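In what follows, a structure is listed as structure tokens, so that the remarks can point back to it.
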Amino acid sequence: MDALSLGSLYALAALGIGLLFGIMRLINFAHGEFVTMSAYALIVPSADVTAKLLIGGWSWPLLIFAILAFGMAIALLSNLLVFRRLRSAAPQNLMVVSFALGYIIQNLLMMVYGARPKAIGLWSSLTQATELGGIRIPLLQPVTIGVTLLLLLAILLFMRKTSFGIQMRAAAEDFRMARYLGVRADFVIALSFALSGLLAGVVALLYVVQTGLLAPTMGVNIVTFAFIATVIGGMGSLPGAVLGGLLVGIATSLLQAYLPDSIRTFRDAFVFLFVILLLLVRPSGIIRLKQFEERV
């Protein structure tokens with residue numbers, strides 16, 4: 001349950017990165033800051049040590065709607081102000097810009113909220129232990145897995161059954177040809193950013209409930225593992241991003257459980273070693289898309 005819960009969190013973050021890479025070839029390292037900003041929207045902007053709830057004090061349906069809308073707004077705003085002007089830039093330049101944007105957002109958060117982590121109690125009932133199949137686990141774990149499955153199913157149906165989803169799939173397959181056939185580039189890219197921001201809001205809520213802490217750098221660790229999940233799953237493949245996230249979460253949890261105490265602090269190094277070994281066997285990732293194969 002630990003492995004599946006953590007893997008689900010990484011899968012949602014990797015899916016947010018994979019959506020943009022599939023359309024724009026953009027590896028958005030600012031996605032972690034989208035998660036962080038969505039989390040900080042729960043409290044009143046202040047440098048005080050004690051956090052005061054803002055959106056976090058609202059009723060849960062309104063709270064969820066507001067945070068998801070906030071995540072989407074941040075992503076759309078970043079597209080409008082930054083990435084839209086660089087649409088014709090090389091992928092490596094876009095990646096550098098995303099680094100810079102994330103760094104700016106991170107420091108703005110430090111200026112407004114202070115650099116110290118802030119404790120926040122959100123939906124503490126989800127952290128209470130419950131019995132499932134004879135095992136006592138926090139209620140948050142099956143909730144995280146269930147939310148992830150529902151979102152994956154919703155995105156799958158959206159991509160397969162709606163005209164907007166079909167346009168996004170066509171753009172991911174061959175963006176130039178899709179434009180020739182009438183797909184509106186601005187709309188498809190904005191929709192991809194909106195979905196990525198929505199997923200960032202979901203990750204923010206689940207992560208805050210799990211840790212009970214807000215920190216300006218909280219998104220860095222999430223996006224690092226999400227990027228790794230995207231790479232090992234197969235760049236541009238949404239199922240690959242999900243599968244990669246689950247594998248990274250499972251590897252992390254198993255290493256945390258079974259490594260000797262003397263080297264447990266080096267758990268992440270062993271995770272990265274696992275990633276290197278996997279990429280040595282499958283350099284293109286677990287799922288390789290045809291459009292990324294070299295053509296002669």
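Residue numbering restarts at 1 for every chain of the structure tokens, chains are lettered A, B, ... in their displayed order, and ligands are numbered from 1 as they appear.
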#### Entry: stretch 43-281 of chain A: residues DSSP assigns to strand (DSSP E or B), reported as a ChimeraX atom specification
/A:43,53,118-119,129-132,135-138,213-214
### Task
Would you kindly return, as a PyMOL selection string, each protein, DNA or RNA residue with an atom no farther than 9 Å from any atom of A:Gln256, considering only C-alpha atoms and excluding same-chain residues fewer than 5 positions away?
chain A and resi 251+264-265+267
Keeping only N, CA, C and O atoms, write the selected residues as an mmCIF file, in the first residue's frame.
```cif
data_model
loop_
_atom_site.group_PDB
_atom_site.id
_atom_site.type_symbol
_atom_site.label_atom_id
_atom_site.label_comp_id
_atom_site.auth_asym_id
_atom_site.auth_seq_id
_atom_site.Cartn_x
_atom_site.Cartn_y
_atom_site.Cartn_z
ATOM 1 N N ALA A 251 9.893 1.100 -6.066
ATOM 2 C CA ALA A 251 11.316 0.959 -5.760
ATOM 3 C C ALA A 251 11.685 1.744 -4.499
ATOM 4 O O ALA A 251 12.414 1.251 -3.630
ATOM 5 N N ARG A 264 20.332 3.327 4.846
ATOM 6 C CA ARG A 264 18.983 3.731 4.446
ATOM 7 C C ARG A 264 18.916 5.200 4.042
ATOM 8 O O ARG A 264 18.085 5.592 3.219
ATOM 9 N N THR A 265 19.802 6.021 4.606
ATOM 10 C CA THR A 265 19.802 7.440 4.244
ATOM 11 C C THR A 265 20.209 7.664 2.790
ATOM 12 O O THR A 265 19.979 8.741 2.240
ATOM 13 N N ARG A 267 18.984 6.018 0.301
ATOM 14 C CA ARG A 267 17.931 5.343 -0.467
ATOM 15 C C ARG A 267 17.792 5.916 -1.874
ATOM 16 O O ARG A 267 17.716 5.171 -2.849
#
```
### Query
Quick one: distance from atom CA of A:Met177 to atom CA of A:Leu199 in Å, one decimal?
28.1 Å
### Query
Using only C-alpha atoms, which of A:Val223, A:Met159, A:Leu6, A:Leu243 sits nearest A:Asn28?
A:Val223
### Query
Neighbours of A:Leu246 within 10 Å (only C-alpha atoms; same-chain residues fewer than 5 positions away dropped), as a ChimeraX atom specification?
/A:3-12,14,229,233,240-241,251-252
### Summary
Nearest to A:Met111, restricted to only C-alpha atoms and choosing among A:Ala129, A:Leu152, A:Leu19, A:Ala47, comes out as A:Ala47
#### Entry: atom CA of A:Ala190 to atom CA of A:Val97, straight-line distance in Å
17.6 Å
### Query
atom CA of A:Leu279 and atom CA of A:Val231, how far apart in Å?
8.6 Å
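If only C-alpha atoms are the atoms counted, then among A:Leu139, A:Ala200, A:Ala30, A:Leu62 the closest residue to A:Ile104 is A:Ala30.
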### Message
To test your reading of the structure, identify every residue in stretch 71-240 of chain A that backbone DSSP assigns to alpha helix (DSSP H), and report it as a PyMOL selection string.
### Response
chain A and resi 71-81+91-113+140-161+163-173+175-180+185-211+218-233+238-240
### Query
Of the candidates A:Ile228, A:Ile250, A:Ile145, A:Ile222, which shows the shortest atom-to-atom distance to A:Glu33, using only C-alpha atoms?
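Of the candidates, the smallest distance to A:Glu33 is held by A:Ile222.
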### Task
Mind checking which residues fall within 10 Å of A:Leu198, counting only C-alpha atoms, ignoring those fewer than 2 positions away in the same chain, and posting them as number ranges by chain?
A: 16, 34-35, 38, 65, 67-75, 192-196, 200-204
Please, could you write that set of residues out with N, CA, C and O atoms as a CSV table (one decimal), in the first residue's frame?
```csv
chain,number,residue,atom,x,y,z
A,16,GLY,N,1.4,15.0,-15.5
A,16,GLY,CA,1.4,16.4,-15.8
A,16,GLY,C,2.5,16.9,-16.7
A,16,GLY,O,2.4,17.7,-17.6
A,34,PHE,N,4.3,24.7,-9.7
A,34,PHE,CA,2.8,24.7,-9.8
A,34,PHE,C,2.2,24.0,-8.7
A,34,PHE,O,1.2,24.4,-8.1
A,35,VAL,N,2.8,22.9,-8.3
A,35,VAL,CA,2.3,22.1,-7.1
A,35,VAL,C,2.5,22.9,-5.9
A,35,VAL,O,1.6,23.0,-5.0
A,38,SER,N,0.0,25.9,-5.6
A,38,SER,CA,-1.3,25.4,-5.3
A,38,SER,C,-1.4,25.0,-3.9
A,38,SER,O,-2.5,25.3,-3.2
A,65,PHE,N,-12.4,22.5,-5.5
A,65,PHE,CA,-12.6,23.2,-6.7
A,65,PHE,C,-11.7,24.4,-6.8
A,65,PHE,O,-11.1,24.7,-7.9
A,67,ILE,N,-8.7,25.0,-5.4
A,67,ILE,CA,-7.3,24.6,-5.6
A,67,ILE,C,-7.0,24.1,-7.0
A,67,ILE,O,-6.0,24.4,-7.6
A,68,LEU,N,-7.9,23.3,-7.5
A,68,LEU,CA,-7.8,22.8,-8.9
A,68,LEU,C,-7.8,24.0,-9.9
A,68,LEU,O,-7.1,24.0,-10.8
A,69,ALA,N,-8.8,24.9,-9.6
A,69,ALA,CA,-8.9,26.1,-10.5
A,69,ALA,C,-7.6,26.9,-10.4
A,69,ALA,O,-7.1,27.5,-11.4
A,70,PHE,N,-7.1,27.0,-9.2
A,70,PHE,CA,-5.9,27.8,-9.0
A,70,PHE,C,-4.7,27.2,-9.7
A,70,PHE,O,-3.9,27.9,-10.4
A,71,GLY,N,-4.5,25.9,-9.7
A,71,GLY,CA,-3.5,25.2,-10.4
A,71,GLY,C,-3.6,25.4,-11.9
A,71,GLY,O,-2.6,25.6,-12.6
A,72,MET,N,-4.8,25.3,-12.4
A,72,MET,CA,-5.0,25.5,-13.8
A,72,MET,C,-4.7,27.0,-14.2
A,72,MET,O,-4.1,27.2,-15.3
A,73,ALA,N,-5.1,27.9,-13.4
A,73,ALA,CA,-4.8,29.3,-13.7
A,73,ALA,C,-3.3,29.6,-13.7
A,73,ALA,O,-2.8,30.3,-14.6
A,74,ILE,N,-2.6,29.0,-12.7
A,74,ILE,CA,-1.1,29.2,-12.7
A,74,ILE,C,-0.5,28.7,-14.0
A,74,ILE,O,0.4,29.3,-14.6
A,75,ALA,N,-0.9,27.5,-14.4
A,75,ALA,CA,-0.3,26.9,-15.6
A,75,ALA,C,-0.7,27.7,-16.8
A,75,ALA,O,0.2,27.9,-17.7
A,192,SER,N,-3.6,21.6,-22.8
A,192,SER,CA,-2.6,20.8,-22.2
A,192,SER,C,-2.0,21.4,-20.9
A,192,SER,O,-1.9,20.7,-19.9
A,193,PHE,N,-1.8,22.7,-20.9
A,193,PHE,CA,-1.3,23.4,-19.7
A,193,PHE,C,-2.4,23.3,-18.7
A,193,PHE,O,-2.1,23.2,-17.5
A,194,ALA,N,-3.7,23.5,-19.0
A,194,ALA,CA,-4.8,23.5,-18.1
A,194,ALA,C,-4.9,22.1,-17.4
A,194,ALA,O,-5.0,22.0,-16.1
A,195,LEU,N,-4.8,21.0,-18.1
A,195,LEU,CA,-4.8,19.7,-17.6
A,195,LEU,C,-3.6,19.5,-16.7
A,195,LEU,O,-3.7,18.8,-15.6
A,196,SER,N,-2.4,19.9,-17.1
A,196,SER,CA,-1.2,19.8,-16.3
A,196,SER,C,-1.4,20.6,-15.0
A,196,SER,O,-1.0,20.0,-13.9
A,200,ALA,N,-1.5,19.2,-11.1
A,200,ALA,CA,-0.6,19.8,-10.1
A,200,ALA,C,-1.4,20.1,-8.8
A,200,ALA,O,-0.9,19.9,-7.7
A,201,GLY,N,-2.6,20.6,-9.0
A,201,GLY,CA,-3.5,20.9,-7.8
A,201,GLY,C,-3.8,19.7,-7.1
A,201,GLY,O,-3.9,19.7,-5.8
A,202,VAL,N,-4.1,18.6,-7.8
A,202,VAL,CA,-4.5,17.3,-7.1
A,202,VAL,C,-3.3,16.8,-6.3
A,202,VAL,O,-3.4,16.4,-5.1
A,203,VAL,N,-2.1,16.8,-6.9
A,203,VAL,CA,-0.9,16.4,-6.2
A,203,VAL,C,-0.6,17.3,-5.0
A,203,VAL,O,-0.2,16.7,-3.9
A,204,ALA,N,-0.8,18.6,-5.1
A,204,ALA,CA,-0.6,19.5,-4.0
A,204,ALA,C,-1.5,19.1,-2.8
A,204,ALA,O,-1.0,19.0,-1.6
```
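Within 12 Å of A:Asp186, once only C-alpha atoms are used and residues closer than 2 positions along the same chain are dropped, the contacting residues are A:Ile23, A:Met24, A:Leu76, A:Asn79, A:Leu80, A:Phe83, A:Arg84, A:Arg85, A:Arg87, A:Gln167, A:Met168, A:Ala171, A:Phe175, A:Arg179, A:Gly182, A:Val183, A:Arg184, A:Val188, A:Ile189, A:Ala190, A:Leu191, A:Ser192, A:Phe193.
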### Task
Pick out the residues sitting within 12 Å of A:Gln92, and hand them over as a list of chain:residue names; count only C-alpha atoms, and ignore anything fewer than 5 positions along from it in its own chain.
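Listing them by chain and then by number gives A:Phe21, A:Met24, A:Arg25, A:Leu26, A:Ile27, A:Asn28, A:Phe29, A:Leu86, A:Val97, A:Ser98, A:Phe99.
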Using only C-alpha atoms, please write the residues we just selected to a file, as an mmCIF file, in the first residue's frame.
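Full text of again-v6.cif as output:
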```
data_model
loop_
_atom_site.group_PDB
_atom_site.id
_atom_site.type_symbol
_atom_site.label_atom_id
_atom_site.label_comp_id
_atom_site.auth_asym_id
_atom_site.auth_seq_id
_atom_site.Cartn_x
_atom_site.Cartn_y
_atom_site.Cartn_z
ATOM 1 C CA PHE A 21 6.085 16.976 -23.549
ATOM 2 C CA MET A 24 5.288 20.857 -27.161
ATOM 3 C CA ARG A 25 8.353 18.672 -26.464
ATOM 4 C CA LEU A 26 8.586 20.780 -23.286
ATOM 5 C CA ILE A 27 10.108 19.188 -20.191
ATOM 6 C CA ASN A 28 8.492 21.526 -17.687
ATOM 7 C CA PHE A 29 10.628 21.609 -14.564
ATOM 8 C CA LEU A 86 8.986 30.793 -27.056
ATOM 9 C CA VAL A 97 13.324 28.546 -19.439
ATOM 10 C CA SER A 98 11.223 26.185 -17.316
ATOM 11 C CA PHE A 99 14.128 25.904 -14.852
#
```
